[in-house]
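**Student:** Have a peek at my_file-v1.cif (mmCIF, C-alpha atoms).
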data_work
#
loop_
_atom_site.label_atom_id
_atom_site.label_comp_id
_atom_site.auth_asym_id
_atom_site.auth_seq_id
_atom_site.Cartn_x
_atom_site.Cartn_y
_atom_site.Cartn_z
CA MET A 53 4.94 -81.56 -85.20
CA SER A 54 5.99 -81.21 -81.56
CA ASP A 55 9.60 -81.45 -80.53
CA ALA A 56 8.52 -83.07 -77.26
CA PRO A 57 10.00 -86.56 -77.13
CA ALA A 58 7.95 -89.59 -77.93
CA MET A 59 10.99 -91.26 -76.39
CA ALA A 60 11.71 -93.26 -79.52
CA GLY A 61 15.44 -93.26 -80.05
CA VAL A 62 16.08 -91.42 -76.78
CA SER A 63 17.11 -93.79 -74.02
CA ARG A 64 17.04 -93.30 -70.30
CA ALA A 65 20.76 -94.03 -70.34
CA GLU A 66 21.33 -90.56 -71.81
CA VAL A 67 20.42 -88.99 -68.47
CA ASP A 68 23.59 -87.55 -66.84
CA SER A 69 25.45 -88.33 -70.09
CA PRO A 70 27.81 -86.03 -72.06
CA HIS A 71 24.83 -85.28 -74.30
CA ALA A 72 22.93 -84.07 -71.24
CA TRP A 73 25.73 -81.62 -70.44
CA ARG A 74 25.08 -79.96 -73.81
CA MET A 75 21.70 -78.98 -72.41
CA ALA A 76 23.38 -77.46 -69.35
CA VAL A 77 25.65 -75.42 -71.63
CA ALA A 78 22.67 -74.26 -73.69
CA GLY A 79 20.95 -73.35 -70.43
CA PHE A 80 23.99 -71.33 -69.37
CA PHE A 81 24.06 -69.21 -72.52
CA THR A 82 20.28 -68.77 -72.50
CA CYS A 83 20.41 -67.43 -68.93
CA PHE A 84 23.51 -65.37 -69.81
CA THR A 85 21.63 -63.58 -72.57
CA LEU A 86 18.28 -63.18 -70.83
CA PHE A 87 19.47 -61.68 -67.60
CA GLY A 88 22.45 -59.90 -69.05
CA VAL A 89 19.82 -57.81 -70.83
CA VAL A 90 17.33 -57.63 -67.94
CA TYR A 91 19.83 -56.67 -65.26
CA SER A 92 21.57 -54.09 -67.41
CA PHE A 93 18.46 -51.92 -67.02
CA GLY A 94 20.16 -50.00 -64.21
CA ALA A 95 22.61 -48.61 -66.78
CA PHE A 96 19.70 -47.35 -68.92
CA PHE A 97 17.73 -45.96 -65.97
CA LYS A 98 19.22 -42.46 -65.78
CA PRO A 99 19.45 -41.64 -69.52
CA MET A 100 15.90 -42.86 -70.13
CA ALA A 101 14.55 -40.88 -67.17
CA ALA A 102 16.41 -37.78 -68.35
CA GLU A 103 15.17 -37.98 -71.94
CA PHE A 104 11.54 -38.57 -70.99
CA GLY A 105 11.55 -36.24 -67.96
CA ALA A 106 10.31 -39.03 -65.69
CA ASP A 107 10.79 -39.54 -61.96
CA ARG A 108 12.14 -42.71 -60.33
CA VAL A 109 8.75 -44.29 -59.69
CA HIS A 110 7.65 -44.07 -63.31
CA THR A 111 11.02 -45.04 -64.79
CA SER A 112 11.34 -48.06 -62.50
CA ALA A 113 7.90 -49.12 -63.75
CA VAL A 114 9.55 -50.19 -67.02
CA PHE A 115 11.59 -52.78 -65.14
CA SER A 116 8.72 -53.71 -62.82
CA ILE A 117 6.22 -54.30 -65.62
CA THR A 118 8.79 -56.39 -67.49
CA ALA A 119 9.57 -58.58 -64.49
CA CYS A 120 5.87 -58.95 -63.75
CA ILE A 121 5.15 -60.09 -67.29
CA TYR A 122 7.89 -62.69 -67.48
CA ASN A 123 7.11 -64.07 -64.04
CA VAL A 124 3.38 -64.34 -64.76
CA LEU A 125 3.84 -65.79 -68.24
CA GLY A 126 6.59 -68.13 -67.02
CA PHE A 127 3.87 -70.57 -65.99
CA ALA A 128 2.55 -70.66 -69.56
CA GLY A 129 6.08 -70.96 -70.95
CA GLY A 130 6.85 -73.90 -68.67
CA HIS A 131 3.52 -75.55 -69.46
CA LEU A 132 4.03 -75.23 -73.23
CA ALA A 133 7.59 -76.54 -73.05
CA ASP A 134 6.48 -79.52 -70.97
CA ARG A 135 3.80 -80.37 -73.52
CA TYR A 136 5.35 -79.48 -76.87
CA GLY A 137 9.06 -79.48 -76.15
CA PRO A 138 11.42 -76.56 -75.59
CA ARG A 139 12.80 -75.74 -79.03
CA ARG A 140 9.90 -73.82 -80.52
CA VAL A 141 9.11 -72.06 -77.26
CA LEU A 142 12.73 -70.93 -76.88
CA MET A 143 12.78 -69.68 -80.47
CA VAL A 144 9.73 -67.52 -79.78
CA GLY A 145 11.59 -66.12 -76.79
CA ALA A 146 14.63 -65.28 -78.94
CA ILE A 147 12.54 -63.38 -81.48
CA ALA A 148 10.50 -61.56 -78.82
CA MET A 149 13.65 -60.41 -77.02
CA GLY A 150 15.19 -58.89 -80.14
CA LEU A 151 12.01 -57.22 -81.34
CA GLY A 152 11.34 -55.78 -77.90
CA LEU A 153 14.76 -54.16 -77.63
CA VAL A 154 14.67 -52.71 -81.15
CA ALA A 155 11.13 -51.40 -80.64
CA THR A 156 12.16 -49.78 -77.34
CA SER A 157 14.97 -47.97 -79.13
CA MET A 158 12.30 -46.21 -81.20
CA ALA A 159 9.95 -45.38 -78.30
CA GLY A 160 8.74 -41.79 -78.30
CA SER A 161 7.61 -41.79 -74.67
CA LEU A 162 8.16 -43.72 -71.46
CA ALA A 163 4.67 -45.20 -71.75
CA VAL A 164 5.51 -46.66 -75.15
CA GLY A 165 8.80 -47.94 -73.73
CA CYS A 166 6.91 -49.74 -70.97
CA VAL A 167 4.88 -51.58 -73.60
CA THR A 168 7.68 -52.43 -76.01
CA TYR A 169 10.26 -53.34 -73.39
CA GLY A 170 7.75 -55.01 -71.09
CA LEU A 171 6.17 -57.22 -73.74
CA GLY A 172 9.35 -57.95 -75.70
CA ILE A 173 11.63 -58.77 -72.78
CA GLY A 174 8.78 -60.18 -70.72
CA VAL A 175 7.72 -62.69 -73.36
CA GLY A 176 11.36 -63.41 -74.21
CA VAL A 177 12.23 -64.40 -70.65
CA ALA A 178 8.93 -66.22 -70.07
CA CYS A 179 9.48 -68.42 -73.11
CA SER A 180 13.09 -69.16 -72.21
CA TYR A 181 14.03 -69.17 -68.52
CA VAL A 182 11.60 -71.68 -66.98
CA PRO A 183 11.60 -73.93 -70.08
CA VAL A 184 15.39 -74.17 -70.16
CA LEU A 185 15.58 -74.95 -66.43
CA ALA A 186 13.00 -77.70 -66.88
CA VAL A 187 15.08 -79.09 -69.76
CA VAL A 188 18.26 -79.18 -67.67
CA GLY A 189 16.47 -80.60 -64.63
CA GLY A 190 14.94 -83.39 -66.69
CA TRP A 191 18.22 -84.42 -68.32
CA PHE A 192 19.88 -85.11 -64.95
CA GLU A 193 19.31 -87.20 -61.86
CA LYS A 194 22.56 -87.72 -59.91
CA ARG A 195 24.14 -84.43 -60.99
CA ARG A 196 20.97 -82.34 -61.18
CA THR A 197 21.99 -79.75 -58.58
CA MET A 198 25.36 -79.18 -60.24
CA ALA A 199 23.88 -79.04 -63.74
CA LEU A 200 21.23 -76.53 -62.69
CA GLY A 201 23.93 -74.52 -60.92
CA ILE A 202 25.95 -74.35 -64.13
CA ALA A 203 22.89 -73.33 -66.16
CA VAL A 204 21.76 -70.55 -63.84
CA SER A 205 25.33 -69.33 -63.34
CA GLY A 206 24.71 -67.84 -66.78
CA VAL A 207 22.56 -65.26 -64.98
CA GLY A 208 25.56 -64.12 -62.97
CA CYS A 209 27.96 -64.20 -65.89
CA GLY A 210 25.54 -62.27 -68.06
CA THR A 211 25.10 -59.66 -65.36
CA LEU A 212 28.85 -59.39 -64.89
CA VAL A 213 29.60 -59.00 -68.59
CA VAL A 214 26.60 -57.24 -70.11
CA ALA A 215 25.89 -54.49 -67.54
CA PRO A 216 29.30 -52.77 -67.93
CA ILE A 217 29.20 -53.30 -71.70
CA ALA A 218 25.77 -51.67 -71.80
CA ALA A 219 27.06 -48.69 -69.84
CA ALA A 220 30.01 -48.31 -72.21
CA LEU A 221 27.74 -48.60 -75.26
CA ILE A 222 25.48 -45.89 -73.85
CA VAL A 223 28.45 -43.56 -73.33
CA HIS A 224 29.62 -44.03 -76.93
CA TYR A 225 26.38 -44.49 -78.89
CA GLY A 226 23.47 -43.44 -76.67
CA TRP A 227 20.83 -45.63 -75.06
CA ARG A 228 18.69 -46.05 -78.19
CA GLU A 229 21.48 -47.36 -80.42
CA SER A 230 22.68 -49.56 -77.55
CA TYR A 231 19.32 -51.30 -77.42
CA VAL A 232 19.50 -52.03 -81.16
CA ILE A 233 22.94 -53.61 -80.79
CA MET A 234 21.81 -55.69 -77.81
CA GLY A 235 18.62 -56.74 -79.60
CA ILE A 236 20.45 -58.19 -82.59
CA ALA A 237 23.10 -59.92 -80.47
CA SER A 238 20.60 -61.44 -78.02
CA THR A 239 18.36 -62.85 -80.76
CA LEU A 240 21.25 -64.56 -82.52
CA LEU A 241 22.68 -66.13 -79.37
CA MET A 242 19.32 -67.30 -78.05
CA ALA A 243 18.36 -68.79 -81.42
CA VAL A 244 21.48 -70.97 -81.33
CA CYS A 245 20.60 -72.12 -77.82
CA ALA A 246 17.07 -72.95 -78.95
CA MET A 247 18.36 -75.18 -81.74
CA VAL A 248 20.62 -77.07 -79.32
CA SER A 249 17.95 -77.64 -76.66
CA GLU A 250 16.05 -80.93 -76.62
CA ALA A 251 13.23 -82.18 -74.42
CA PRO A 252 14.50 -84.57 -71.73
CA PRO A 253 14.14 -88.32 -72.28
CA ILE A 254 12.23 -88.84 -69.04
CA HIS A 255 10.32 -87.05 -66.31
CA THR A 256 9.24 -83.65 -67.61
CA ALA A 257 7.98 -84.97 -70.93
CA ALA A 258 5.07 -86.45 -68.99
CA LEU A 259 3.10 -83.36 -68.07
CA ALA A 260 1.61 -83.49 -64.60
CA ALA A 261 -2.15 -83.78 -64.59
CA PRO A 262 -3.99 -80.53 -63.77
CA LEU A 263 -5.39 -82.10 -60.60
CA THR A 264 -1.87 -83.05 -59.45
CA LEU A 265 -0.58 -79.55 -60.12
CA THR A 266 -3.48 -77.97 -58.27
CA HIS A 267 -2.97 -80.27 -55.30
CA THR A 268 0.76 -79.50 -55.20
CA MET A 269 0.22 -75.76 -55.40
CA ARG A 270 -2.14 -75.93 -52.44
CA SER A 271 0.28 -77.88 -50.26
CA PRO A 272 1.80 -76.11 -47.22
CA ASP A 273 5.34 -76.50 -48.58
CA PHE A 274 4.48 -74.87 -51.90
CA VAL A 275 2.64 -72.04 -50.16
CA MET A 276 5.71 -71.39 -47.99
CA LEU A 277 8.00 -71.43 -51.01
CA TYR A 278 5.70 -69.06 -52.85
CA ALA A 279 5.40 -66.56 -49.99
CA SER A 280 9.16 -66.58 -49.47
CA MET A 281 9.74 -66.08 -53.19
CA VAL A 282 7.54 -62.97 -53.14
CA LEU A 283 9.49 -61.49 -50.23
CA ALA A 284 13.01 -62.48 -51.28
CA SER A 285 12.45 -61.24 -54.83
CA ILE A 286 11.85 -57.74 -53.44
CA SER A 287 15.35 -57.93 -52.00
CA ILE A 288 16.74 -59.04 -55.35
CA TYR A 289 15.06 -56.47 -57.60
CA ILE A 290 15.78 -53.28 -55.65
CA PRO A 291 19.59 -53.19 -56.00
CA PHE A 292 19.45 -54.03 -59.70
CA VAL A 293 17.32 -50.93 -60.27
CA TYR A 294 18.72 -48.46 -57.74
CA LEU A 295 22.25 -49.44 -56.71
CA PRO A 296 23.98 -47.92 -59.79
CA GLU A 297 22.06 -44.66 -59.34
CA PHE A 298 22.91 -44.60 -55.63
CA ALA A 299 26.62 -45.09 -56.33
CA HIS A 300 26.54 -42.42 -59.05
CA SER A 301 24.94 -39.99 -56.59
CA ARG A 302 27.95 -40.57 -54.32
CA GLY A 303 30.36 -39.43 -57.04
CA VAL A 304 31.11 -42.81 -58.65
CA SER A 305 31.47 -42.76 -62.45
CA GLN A 306 28.64 -44.12 -64.55
CA VAL A 307 30.60 -47.17 -65.74
CA ALA A 308 31.94 -47.96 -62.25
CA ALA A 309 28.43 -47.62 -60.82
CA ALA A 310 27.04 -50.01 -63.43
CA ALA A 311 29.90 -52.38 -62.62
CA LEU A 312 28.36 -52.92 -59.17
CA VAL A 313 25.57 -54.85 -60.86
CA GLY A 314 28.29 -56.83 -62.58
CA PHE A 315 29.87 -57.61 -59.20
CA ILE A 316 26.53 -58.97 -58.00
CA GLY A 317 26.53 -61.19 -61.06
CA ALA A 318 30.10 -62.33 -60.47
CA ALA A 319 29.42 -63.18 -56.82
CA SER A 320 26.24 -64.99 -57.79
CA ILE A 321 28.32 -67.33 -59.95
CA VAL A 322 30.09 -68.51 -56.80
CA GLY A 323 26.73 -68.96 -55.12
CA ARG A 324 25.24 -70.85 -58.04
CA LEU A 325 28.18 -73.21 -58.52
CA GLY A 326 29.75 -73.44 -55.05
CA LEU A 327 26.57 -73.77 -53.01
CA GLY A 328 25.32 -76.50 -55.35
CA ARG A 329 28.20 -78.70 -54.21
CA VAL A 330 27.72 -77.81 -50.56
CA ALA A 331 24.05 -78.79 -50.87
CA GLU A 332 25.09 -82.35 -51.64
CA ARG A 333 26.53 -82.53 -48.10
CA THR A 334 24.24 -80.30 -46.03
CA GLY A 335 20.96 -80.86 -47.81
CA ILE A 336 19.24 -78.66 -50.36
CA ILE A 337 16.51 -77.21 -48.15
CA PRO A 338 18.69 -76.03 -45.21
CA LEU A 339 21.12 -74.37 -47.60
CA TYR A 340 18.25 -72.68 -49.44
CA GLN A 341 16.97 -71.31 -46.15
CA THR A 342 20.42 -70.05 -45.15
CA SER A 343 20.91 -68.35 -48.52
CA THR A 344 17.64 -66.48 -48.09
CA LEU A 345 18.61 -65.28 -44.62
CA ILE A 346 22.04 -64.03 -45.76
CA LEU A 347 20.37 -62.26 -48.68
CA GLY A 348 18.23 -60.22 -46.30
CA LEU A 349 21.01 -59.48 -43.81
CA SER A 350 23.42 -58.33 -46.53
CA PHE A 351 21.51 -55.07 -47.00
CA GLY A 352 22.88 -53.88 -43.69
CA LEU A 353 26.14 -53.31 -45.58
CA TRP A 354 24.40 -51.07 -48.11
CA MET A 355 22.80 -49.09 -45.29
CA VAL A 356 26.14 -48.38 -43.59
CA SER A 357 28.16 -47.95 -46.79
CA HIS A 358 30.45 -44.94 -46.78
CA SER A 359 32.68 -45.85 -49.71
CA TYR A 360 32.73 -47.69 -53.01
CA ALA A 361 34.68 -50.52 -51.36
CA VAL A 362 31.86 -51.19 -48.89
CA LEU A 363 29.38 -51.28 -51.75
CA VAL A 364 31.57 -53.84 -53.49
CA VAL A 365 31.55 -56.00 -50.32
CA PHE A 366 27.75 -55.68 -50.24
CA THR A 367 27.46 -56.84 -53.84
CA ILE A 368 29.67 -59.86 -53.11
CA VAL A 369 27.68 -61.01 -50.07
CA MET A 370 24.29 -60.22 -51.58
CA GLY A 371 25.23 -61.73 -54.95
CA ALA A 372 26.53 -65.00 -53.47
CA ALA A 373 23.38 -65.45 -51.37
CA TYR A 374 21.05 -64.51 -54.20
CA GLY A 375 22.88 -66.78 -56.61
CA GLY A 376 22.68 -69.72 -54.23
CA MET A 377 18.99 -69.16 -53.62
CA ILE A 378 18.13 -68.97 -57.31
CA ALA A 379 20.32 -71.95 -58.19
CA LEU A 380 18.77 -74.09 -55.47
CA SER A 381 15.11 -73.17 -56.04
CA PRO A 382 14.53 -75.60 -58.97
CA ALA A 383 16.30 -78.35 -57.03
CA VAL A 384 14.16 -77.59 -53.96
CA VAL A 385 11.01 -77.94 -56.05
CA ALA A 386 12.27 -81.23 -57.48
CA GLU A 387 13.25 -82.43 -54.00
CA LEU A 388 9.84 -81.68 -52.51
CA PHE A 389 7.52 -82.51 -55.41
CA GLY A 390 9.49 -84.53 -57.98
CA VAL A 391 10.23 -83.59 -61.57
CA ARG A 392 6.96 -84.55 -63.21
CA GLY A 393 5.65 -81.33 -64.77
CA LEU A 394 8.67 -79.45 -63.41
CA GLY A 395 8.32 -76.63 -65.93
CA ALA A 396 4.75 -75.86 -64.92
CA LEU A 397 5.59 -76.02 -61.20
CA LEU A 398 8.57 -73.68 -61.57
CA GLY A 399 6.48 -71.33 -63.67
CA ALA A 400 3.80 -71.28 -60.98
CA LEU A 401 6.38 -70.61 -58.26
CA TYR A 402 8.01 -67.75 -60.16
CA THR A 403 4.70 -65.92 -60.54
CA GLY A 404 5.41 -64.83 -56.96
CA SER A 405 8.23 -62.70 -58.31
CA ALA A 406 5.68 -60.84 -60.42
CA ILE A 407 4.14 -59.46 -57.25
CA SER A 408 7.58 -58.38 -56.07
CA ALA A 409 8.38 -56.74 -59.38
CA LEU A 410 5.20 -54.68 -59.29
CA THR A 411 5.59 -53.60 -55.69
CA GLY A 412 9.31 -53.61 -54.77
CA PRO A 413 11.05 -51.15 -57.15
CA PRO A 414 8.15 -48.64 -57.34
CA LEU A 415 7.77 -48.67 -53.54
CA ALA A 416 11.51 -48.18 -53.13
CA GLY A 417 11.39 -45.34 -55.66
CA PHE A 418 8.53 -43.73 -53.73
CA VAL A 419 10.56 -43.92 -50.51
CA ILE A 420 13.62 -42.39 -52.20
CA ASP A 421 11.63 -39.57 -53.82
CA ARG A 422 9.89 -38.70 -50.55
CA THR A 423 12.89 -38.93 -48.22
CA GLY A 424 15.73 -38.03 -50.57
CA SER A 425 17.65 -41.01 -49.14
CA TYR A 426 18.33 -44.55 -50.30
CA LEU A 427 18.49 -45.96 -46.75
CA GLY A 428 14.77 -46.61 -46.61
CA ALA A 429 14.91 -48.57 -49.86
CA ALA A 430 17.83 -50.67 -48.61
CA GLY A 431 16.02 -51.27 -45.31
CA LEU A 432 12.89 -52.35 -47.17
CA ALA A 433 14.88 -54.85 -49.21
CA GLY A 434 16.67 -56.25 -46.17
CA ALA A 435 13.49 -56.65 -44.11
CA ALA A 436 11.76 -58.46 -46.97
CA GLY A 437 14.61 -60.97 -47.23
CA VAL A 438 14.70 -61.71 -43.50
CA VAL A 439 10.93 -62.24 -43.35
CA GLY A 440 11.25 -64.47 -46.41
CA PHE A 441 13.66 -66.65 -44.42
CA LEU A 442 11.30 -66.81 -41.42
CA VAL A 443 8.53 -68.07 -43.67
CA LEU A 444 10.79 -70.93 -44.81
CA ILE A 445 11.65 -72.29 -41.36
CA PRO A 446 9.01 -75.09 -41.38
CA LEU A 447 9.74 -76.04 -45.02
CA GLY A 448 9.91 -79.78 -45.61
CA ARG A 449 9.33 -80.77 -41.97
CA ARG A 450 5.89 -82.25 -42.61
CA ARG A 451 7.31 -84.36 -45.45
CA ASP A 452 10.14 -85.56 -43.22
CA MET A 453 7.71 -86.45 -40.44
CA VAL A 454 5.57 -88.46 -42.85
CA ALA A 455 8.63 -90.26 -44.17
CA ALA A 456 9.84 -91.04 -40.64
CA ALA A 457 6.43 -92.35 -39.67
CA ALA A 458 6.38 -94.59 -42.76
CA GLU A 459 9.77 -96.03 -41.83
CA VAL A 460 8.59 -96.78 -38.29
CA GLY A 461 5.42 -98.35 -39.63
#
Represent the structure of the file as structure tokens.

**Tutor:**
Amino acid sequence: MSDAPAMAGVSRAEVDSPHAWRMAVAGFFTCFTLFGVVYSFGAFFKPMAAEFGADRVHTSAVFSITACIYNVLGFAGGHLADRYGPRRVLMVGAIAMGLGLVATSMAGSLAVGCVTYGLGIGVGVACSYVPVLAVVGGWFEKRRTMALGIAVSGVGCGTLVVAPIAAALIVHYGWRESYVIMGIASTLLMAVCAMVSEAPPIHTAALAAPLTLTHTMRSPDFVMLYASMVLASISIYIPFVYLPEFAHSRGVSQVAAAALVGFIGAASIVGRLGLGRVAERTGIIPLYQTSTLILGLSFGLWMVSHSYAVLVVFTIVMGAAYGGMIALSPAVVAELFGVRGLGALLGALYTGSAISALTGPPLAGFVIDRTGSYLGAAGLAGAAGVVGFLVLIPLGRRRDMVAAAAEVG
């Protein structure tokens, strides 16, 4: 039997209620676990490369394949959660995450690690991230932006907490045993979140018709969002893979280098929560555009960094912009297209990040291996973010013109 609501016994009055905030909390801890694991990969990068004798391009492929899988399968995860409800889909994600990490701990080669980590973490995120955002978005109307900001702030908190813990675990136990510990912990926490999550009483329970989804995905606004997502995601992925290694090459300790990823996570919390409130005054779309521009420009700080302190400033600026952009993206989709079939629409949008995952980190690794410098990789990330902003400039204008014409008429 599906856990999608037939709406019997679940009233519309529960939207924005204290019960709805339970869904936001479950969303927070789901995102905390998912991306705490995903974005701790930078801490595992060097020991895995050393053990398997792999270069940067091939080692970064583990992360790239994983991100590609969860972004591509996110559409299916959102679709299934819209149709059957989130609980079972989230439980599959919890099991896949744990099995993937434990299996990776036993990998005998980097190729095997790509499969175990990629499929386990990829399916885990795909079955959890988009579905839980659709749940939170559907349980709120007036406070949707704030609720989504709280839920996705779990990404930042998870990055802040888990990345340094992972580095410390590796120092004491080795990378294989660390993955076992993280696999058990992530499965337990995500299973609890799955049991708490409920399909929303309105909106997303009614799955958008395939024709409506196809029409929306072909609209100019969706195409702009998609293209910008591809470009901006390149900016996001590169520092998570290479920033710790760059800092370590400059004489920073392994734990302190991994902590830079944590600083990105901490700053993103401010972006996810603070910018959500600002959006209520300035408008969601203009703030989303501004966040994307600042994301791209922030890489200038990495390029001129001459000390650990400058790198910390970079992580704060980049993290706040990235956090705001990610927090606002579900609200932008809801603003432009409504919340009917929100899970499927978000899943479709996030497939753009799959392209970035496959191209961004490996291309950056190629540049670093060929030049012996990280400046080219930072420049690549910055340029992608700025172009992603330029693509967004016309976003929403056609809709506003139509609305203005209707008012005049």

**Student:** Let me know the residues the PyMOL selection byres ((chain A and resi 406) around 9) catches in the file above, as a tab-separated table (two decimals) with C-alpha atoms, in the frame of the given file.

**Tutor:**
chain	number	residue	atom	x	y	z
A	116	SER	CA	8.72	-53.71	-62.82
A	117	ILE	CA	6.22	-54.30	-65.62
A	118	THR	CA	8.79	-56.39	-67.49
A	119	ALA	CA	9.57	-58.58	-64.49
A	120	CYS	CA	5.87	-58.95	-63.75
A	121	ILE	CA	5.15	-60.09	-67.29
A	122	TYR	CA	7.89	-62.69	-67.48
A	123	ASN	CA	7.11	-64.07	-64.04
A	124	VAL	CA	3.38	-64.34	-64.76
A	282	VAL	CA	7.54	-62.97	-53.14
A	285	SER	CA	12.45	-61.24	-54.83
A	402	TYR	CA	8.01	-67.75	-60.16
A	403	THR	CA	4.70	-65.92	-60.54
A	404	GLY	CA	5.41	-64.83	-56.96
A	405	SER	CA	8.23	-62.70	-58.31
A	407	ILE	CA	4.14	-59.46	-57.25
A	408	SER	CA	7.58	-58.38	-56.07
A	409	ALA	CA	8.38	-56.74	-59.38
A	410	LEU	CA	5.20	-54.68	-59.29
A	411	THR	CA	5.59	-53.60	-55.69

**Student:** To one decimal in Å, tell me the separation between atom CA of A:Ile233 and atom CA of A:Ala219.

**Tutor:**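 Separation of atom CA of A:Ile233 and atom CA of A:Ala219: 12.7 Å.
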
**Student:** Hey, what's within 10 Å of A:Ala186 if we count all atoms listed in the file and toss same-chain stuff fewer than 3 positions away? As a short mmCIF file (atom, residue, chain, number, x, y, z; two decimals) with C-alpha atoms, in the frame of the given file, please?

**Tutor:**
data_model
loop_
_atom_site.label_atom_id
_atom_site.label_comp_id
_atom_site.auth_asym_id
_atom_site.auth_seq_id
_atom_site.Cartn_x
_atom_site.Cartn_y
_atom_site.Cartn_z
CA GLY A 79 20.95 -73.35 -70.43
CA GLY A 130 6.85 -73.90 -68.67
CA ALA A 133 7.59 -76.54 -73.05
CA ASP A 134 6.48 -79.52 -70.97
CA PRO A 138 11.42 -76.56 -75.59
CA TYR A 181 14.03 -69.17 -68.52
CA VAL A 182 11.60 -71.68 -66.98
CA PRO A 183 11.60 -73.93 -70.08
CA GLY A 189 16.47 -80.60 -64.63
CA GLY A 190 14.94 -83.39 -66.69
CA TRP A 191 18.22 -84.42 -68.32
CA LEU A 200 21.23 -76.53 -62.69
CA ALA A 251 13.23 -82.18 -74.42
CA PRO A 252 14.50 -84.57 -71.73
CA HIS A 255 10.32 -87.05 -66.31
CA THR A 256 9.24 -83.65 -67.61
CA ALA A 257 7.98 -84.97 -70.93
CA PRO A 382 14.53 -75.60 -58.97
CA VAL A 391 10.23 -83.59 -61.57
CA ARG A 392 6.96 -84.55 -63.21
CA GLY A 393 5.65 -81.33 -64.77
CA LEU A 394 8.67 -79.45 -63.41
CA GLY A 395 8.32 -76.63 -65.93
CA ALA A 396 4.75 -75.86 -64.92
CA LEU A 397 5.59 -76.02 -61.20
CA LEU A 398 8.57 -73.68 -61.57
CA GLY A 399 6.48 -71.33 -63.67
#

**Student:** Skipping near chain neighbours, those fewer than 3 positions away, what residues fall within 9 Å of A:Val175 using only C-alpha atoms, listed as a count of residues only?

**Tutor:** 16

**Student:** State, in Å with one decimal place, the distance from atom CA of A:Ala76 to atom CA of A:Leu185.

**Tutor:**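 Atom CA of A:Leu185 lies at a distance of 8.7 Å from atom CA of A:Ala76.
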
**Student:** Apply the PyMOL selection byres ((chain A and resi 312-324) around 7) to the displayed file and report the matching residues as an MDAnalysis selection string.

**Tutor:** chainID A and resid 201 204:205 207:209 211:213 215:216 292 296 308:311 325:328 364 367:368 370:376 379

**Student:** Find the residue from A:Val177, A:Ala433, A:Leu401, A:Ala72 that sits nearest to A:Tyr289; use all atoms listed in the file when measuring.

**Tutor:**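 The answer is A:Ala433, which sits nearest to A:Tyr289.
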
**Student:** Which residues, protein or nucleic acid, reach to within 10 Å of (4.0, -76.6, -43.5) in the file's coordinates when using all atoms listed in the file, and can you give that as a list of chain:residue names?

**Tutor:** A:Ser271, A:Pro272, A:Asp273, A:Phe274, A:Val275, A:Met276, A:Leu277, A:Val443, A:Leu444, A:Ile445, A:Pro446, A:Leu447, A:Gly448, A:Arg449, A:Arg450, A:Arg451

**Student:** Rounded to one decimal, what separation in Å do you get between atom CA of A:Glu297 and atom CA of A:Ser343?

**Tutor:**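 For atom CA of A:Glu297 relative to atom CA of A:Ser343, the distance reads 26.1 Å.
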
**Student:** Which residue is closest to A:Leu162? Choose from A:Val365, A:Ala279, A:Ala199, A:Ala101 and count all atoms listed in the file.

**Tutor:**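 For A:Leu162, the nearest of the given residues is A:Ala101.
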
**Student:** Would you pick out the contacts of A:Ala435 at 12 Å or less, using only C-alpha atoms, so that residues sharing its chain but fewer than 3 positions from it are not included, and give the list as a list in words?

**Tutor:** Leu283, Ala284, Ser285, Ile286, Ser287, Ile288, Thr344, Leu345, Ile346, Leu347, Gly348, Leu349, Ser350, Phe351, Gly352, Gly412, Gly428, Ala429, Ala430, Gly431, Leu432, Val438, Val439, Gly440, Phe441 and Leu442 of chain A

**Student:** Between A:Cys166, A:Val154, A:Ala159, A:Ala246, which is the closest to A:Glu229 once you count all atoms listed in the file?

**Tutor:**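 Result for the nearest residue to A:Glu229: A:Val154.
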
**Student:** Considering all atoms listed in the file, can you say which of A:Ser249, A:Ala113, A:Tyr360, A:Ala128 comes closest to A:Ser301?

**Tutor:**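 Using all atoms listed in the file, A:Ser301 sits closest to A:Tyr360.
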
**Student:** Find the residue from A:Ser280, A:Gln306, A:Thr197, A:Ser92 that sits nearest to A:Arg333; use all atoms listed in the file when measuring.

**Tutor:** A:Thr197

**Student:** Running the PyMOL selection byres ((chain A and resi 109) around 10) on this model by hand, what would come out? Give it as a PyMOL selection string.

**Tutor:** chain A and resi 106-108+110-114+116+413-421

**Student:** With all atoms listed in the file as the basis for distance, which of A:Val214, A:Val67, A:Ile202, A:Leu427 is at the shortest distance from A:Leu86?

**Tutor:**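 Closest residue, counting all atoms listed in the file: A:Val214.
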